[in-house]
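In what follows, a structure is listed as structure tokens, so that the remarks can point back to it.
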Amino acid sequence: MNASTHKPMKNWVLGLTGGIGCGKSAVSAMFEKLAITVVDADIIARQVVKPHSPGLAAIREHFGAPVLNPDGSLNRAQLREIIFADTAQKNWLNNLLHPLIREKTLTDLHSANSAYVVLVAPLLFENALEQYCARTLVIDVPVEIQLKRTIARDNINEQQALSIITAQMSREDKLNRADDVIDNNRALYLVEPDIVQLHQNYLQQAAKFNS
């Protein structure tokens with residue numbers, strides 16, 4: 001992937017993605033162990049709606065008090081129920097949050113001080129975030145493994161897990177768009193050497209970018 005032409009990146013960025021239950025967090029932790037800064041779009045998505053944030057204030061004004069917990073934090077279950085039942089409300093929320101998330105993501109990517117920086121984003125391709133990346137890495141497992149892991153982790157039923165998976169870009173499309181792929185359907189101690197090898201390649205590419 002070519003870096004964005006509209007906003008040149010100060011740092012060499014690796015875009016890391018994969019479907020739900022693929023193990024993106026476990027792999028990104030390996031990069032952190034290698035002293036590489038990780039910017040996680042899911043964490044940023046929570047930060048932009050934390051108590052007293054402009055994002056949460058806008059959500060409260062639009063949806064009303066029921067979307068807040070007694071402590072003033074976002075009632076995610078209530079909000080999810082609303083937006084799953086109403087596409088217009090889902091679109092309103094996306095139009096509010098996506099620019100906030102993108103702005104914070106770009107700020108964090110620019111301010112990273114490691115040899116390169118990893119952007120972890122489940123919707124890397126769907127939200128065109130790969131335009132900010134020099135290279136992309138897809139963490140891959142078969143759909144049946146995604147289902148099994150998601151059901152166990154999120155305590156949901158198979159139909160709920162399947163609806164989340166089918167709402168995301170297909171496994172095949174992600175693999176076709178990836179520069180690099182890691183098979184994560186195995187023990188993590190077998191994955192780690194492959195990550196270290198990729199890391200060495202990325203260090204070389206980042207060094208050329210920064211020279």
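All residue names refer to the structure tokens as shown: chains lettered A, B, ... in order, residues numbered from 1 in each chain, ligands numbered from 1 in order.
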**Message:** as a PyMOL selection string, please: every residue in chain A that a backbone DSSP assignment puts in strand (DSSP E).
**Reply:** chain A and resi 13-17+37-40+117-120+135-140+180-183
Just-selected residues, N, CA, C and O atoms written as a tab-separated table (two decimals), in the first residue's frame:
chain	number	residue	atom	x	y	z
A	13	VAL	N	4.14	3.46	8.68
A	13	VAL	CA	3.00	2.86	9.38
A	13	VAL	C	2.67	1.49	8.81
A	13	VAL	O	2.53	1.33	7.59
A	14	LEU	N	2.53	0.50	9.70
A	14	LEU	CA	2.02	-0.82	9.34
A	14	LEU	C	0.56	-0.89	9.76
A	14	LEU	O	0.23	-0.69	10.93
A	15	GLY	N	-0.31	-1.18	8.81
A	15	GLY	CA	-1.72	-1.37	9.13
A	15	GLY	C	-1.98	-2.84	9.45
A	15	GLY	O	-1.73	-3.71	8.61
A	16	LEU	N	-2.47	-3.11	10.64
A	16	LEU	CA	-2.72	-4.49	11.08
A	16	LEU	C	-4.22	-4.68	11.23
A	16	LEU	O	-4.88	-3.92	11.95
A	17	THR	N	-4.76	-5.68	10.55
A	17	THR	CA	-6.19	-5.90	10.61
A	17	THR	C	-6.52	-7.40	10.56
A	17	THR	O	-5.62	-8.24	10.46
A	37	THR	N	5.54	1.11	18.86
A	37	THR	CA	4.31	1.76	19.32
A	37	THR	C	3.11	1.20	18.55
A	37	THR	O	3.15	1.05	17.34
A	38	VAL	N	2.04	0.88	19.29
A	38	VAL	CA	0.80	0.39	18.69
A	38	VAL	C	-0.31	1.42	18.92
A	38	VAL	O	-0.53	1.84	20.05
A	39	VAL	N	-0.95	1.82	17.85
A	39	VAL	CA	-2.12	2.70	17.92
A	39	VAL	C	-3.33	1.85	17.57
A	39	VAL	O	-3.42	1.31	16.47
A	40	ASP	N	-4.24	1.68	18.52
A	40	ASP	CA	-5.38	0.76	18.37
A	40	ASP	C	-6.66	1.56	18.17
A	40	ASP	O	-7.10	2.30	19.06
A	117	VAL	N	5.44	2.44	13.36
A	117	VAL	CA	4.26	2.39	14.22
A	117	VAL	C	3.23	1.45	13.61
A	117	VAL	O	3.11	1.35	12.39
A	118	VAL	N	2.52	0.71	14.47
A	118	VAL	CA	1.49	-0.22	14.03
A	118	VAL	C	0.11	0.38	14.29
A	118	VAL	O	-0.19	0.78	15.42
A	119	LEU	N	-0.71	0.45	13.25
A	119	LEU	CA	-2.10	0.86	13.39
A	119	LEU	C	-2.98	-0.38	13.37
A	119	LEU	O	-3.05	-1.07	12.36
A	120	VAL	N	-3.61	-0.69	14.50
A	120	VAL	CA	-4.52	-1.84	14.59
A	120	VAL	C	-5.94	-1.34	14.35
A	120	VAL	O	-6.43	-0.49	15.10
A	135	ARG	N	2.36	-0.37	4.54
A	135	ARG	CA	2.19	-1.80	4.31
A	135	ARG	C	1.05	-2.30	5.19
A	135	ARG	O	0.75	-1.70	6.22
A	136	THR	N	0.41	-3.39	4.77
A	136	THR	CA	-0.69	-3.95	5.55
A	136	THR	C	-0.43	-5.41	5.90
A	136	THR	O	0.14	-6.16	5.10
A	137	LEU	N	-0.87	-5.79	7.10
A	137	LEU	CA	-0.72	-7.16	7.60
A	137	LEU	C	-2.08	-7.66	8.08
A	137	LEU	O	-2.69	-7.04	8.95
A	138	VAL	N	-2.55	-8.75	7.50
A	138	VAL	CA	-3.82	-9.36	7.91
A	138	VAL	C	-3.55	-10.56	8.80
A	138	VAL	O	-2.74	-11.43	8.45
A	139	ILE	N	-4.21	-10.58	9.96
A	139	ILE	CA	-4.16	-11.73	10.86
A	139	ILE	C	-5.33	-12.64	10.48
A	139	ILE	O	-6.49	-12.22	10.52
A	140	ASP	N	-5.03	-13.86	10.12
A	140	ASP	CA	-6.02	-14.72	9.48
A	140	ASP	C	-6.26	-16.01	10.24
A	140	ASP	O	-5.31	-16.67	10.69
A	180	ASP	N	0.91	-8.59	3.63
A	180	ASP	CA	1.45	-9.72	4.38
A	180	ASP	C	0.30	-10.39	5.13
A	180	ASP	O	-0.69	-9.74	5.50
A	181	VAL	N	0.45	-11.68	5.39
A	181	VAL	CA	-0.58	-12.45	6.10
A	181	VAL	C	0.09	-13.31	7.16
A	181	VAL	O	1.13	-13.93	6.92
A	182	ILE	N	-0.52	-13.33	8.35
A	182	ILE	CA	-0.07	-14.22	9.42
A	182	ILE	C	-1.18	-15.22	9.73
A	182	ILE	O	-2.33	-14.84	9.98
A	183	ASP	N	-0.86	-16.51	9.66
A	183	ASP	CA	-1.79	-17.57	10.04
A	183	ASP	C	-1.81	-17.64	11.57
A	183	ASP	O	-0.82	-18.04	12.19
**Prompt:** Do you know which residues are at most 12 Å from A:Ile165 counting only C-alpha atoms, after dropping those on the same chain fewer than 5 positions away, and could you put them as number ranges by chain?
**Reply:** A: 18-22, 122-123, 142-151, 158-160, 170-171
**Request:** Just the residues within 9 Å of A:Ala45, please, counting only C-alpha atoms, with nothing from its chain fewer than 2 positions along; format it as a PyMOL selection string.
**Result:** chain A and resi 40-43+47-49+97-98+100-101
**Backbone-only DSSP, helix (DSSP H, G or I) members of stretch 6-41 of chain A, as a list in words** = Lys24, Ser25, Ala26, Val27, Ser28, Ala29, Met30, Phe31, Glu32, Lys33 and Ala41 of chain A
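Closest to A:Leu79 among A:Asn157, A:Leu93, A:Ala167, A:Ala152 is A:Leu93, based on only C-alpha atoms.
With only C-alpha atoms as the atoms that count, the minimum distance from A:Gly72 to the choices A:Ala128, A:Phe84, A:Arg60, A:Asn176 is reached by A:Arg60.
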**Request:** Considering only C-alpha atoms, return as a list in words whatever protein or nucleic-acid residues lie within 10 Å of A:Asn11, sequence-local ones (same chain, fewer than 6 positions apart) excluded.
**Result:** Leu109, His110, Ser111, Ala112, Asn113, Ser114, Ala115, Tyr116, Val117, Val118, Tyr132, Cys133, Ala134, Ala206, Phe209 and Asn210 of chain A
Write to file, as a compact mmCIF listing (two decimals), in the first residue's frame, the residues of the selection just made, with C-alpha atoms.
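Heads up, here's the output in again_7.txt:
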# COMPACT_ATOMS: atom_id res chain seq x y z
CA LEU A 109 0.42 7.95 14.45
CA HIS A 110 2.31 11.19 13.88
CA SER A 111 3.47 11.46 17.51
CA ALA A 112 4.84 7.89 17.80
CA ASN A 113 8.58 7.73 18.44
CA SER A 114 9.41 4.07 17.73
CA ALA A 115 11.25 2.85 14.60
CA TYR A 116 7.84 2.45 12.94
CA VAL A 117 4.26 2.39 14.22
CA VAL A 118 1.49 -0.22 14.03
CA TYR A 132 -2.06 6.09 5.81
CA CYS A 133 -0.10 2.83 5.81
CA ALA A 134 3.08 1.90 3.99
CA ALA A 206 11.13 2.09 7.82
CA PHE A 209 11.53 5.70 4.51
CA ASN A 210 13.26 7.80 7.18
**Atomic separation - atom CA of A:Asn184 relative to atom CA of A:Gly23, Å** = 7.0 Å
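Considering only C-alpha atoms, the residue among A:Lys104, A:Lys50, A:Lys90, A:Arg153 positioned nearest to A:Leu74 is A:Lys50.
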**Prompt:** By how many Å are atom CA of A:Ser73 and atom CA of A:Ile44 apart?
**Reply:** 15.4 Å
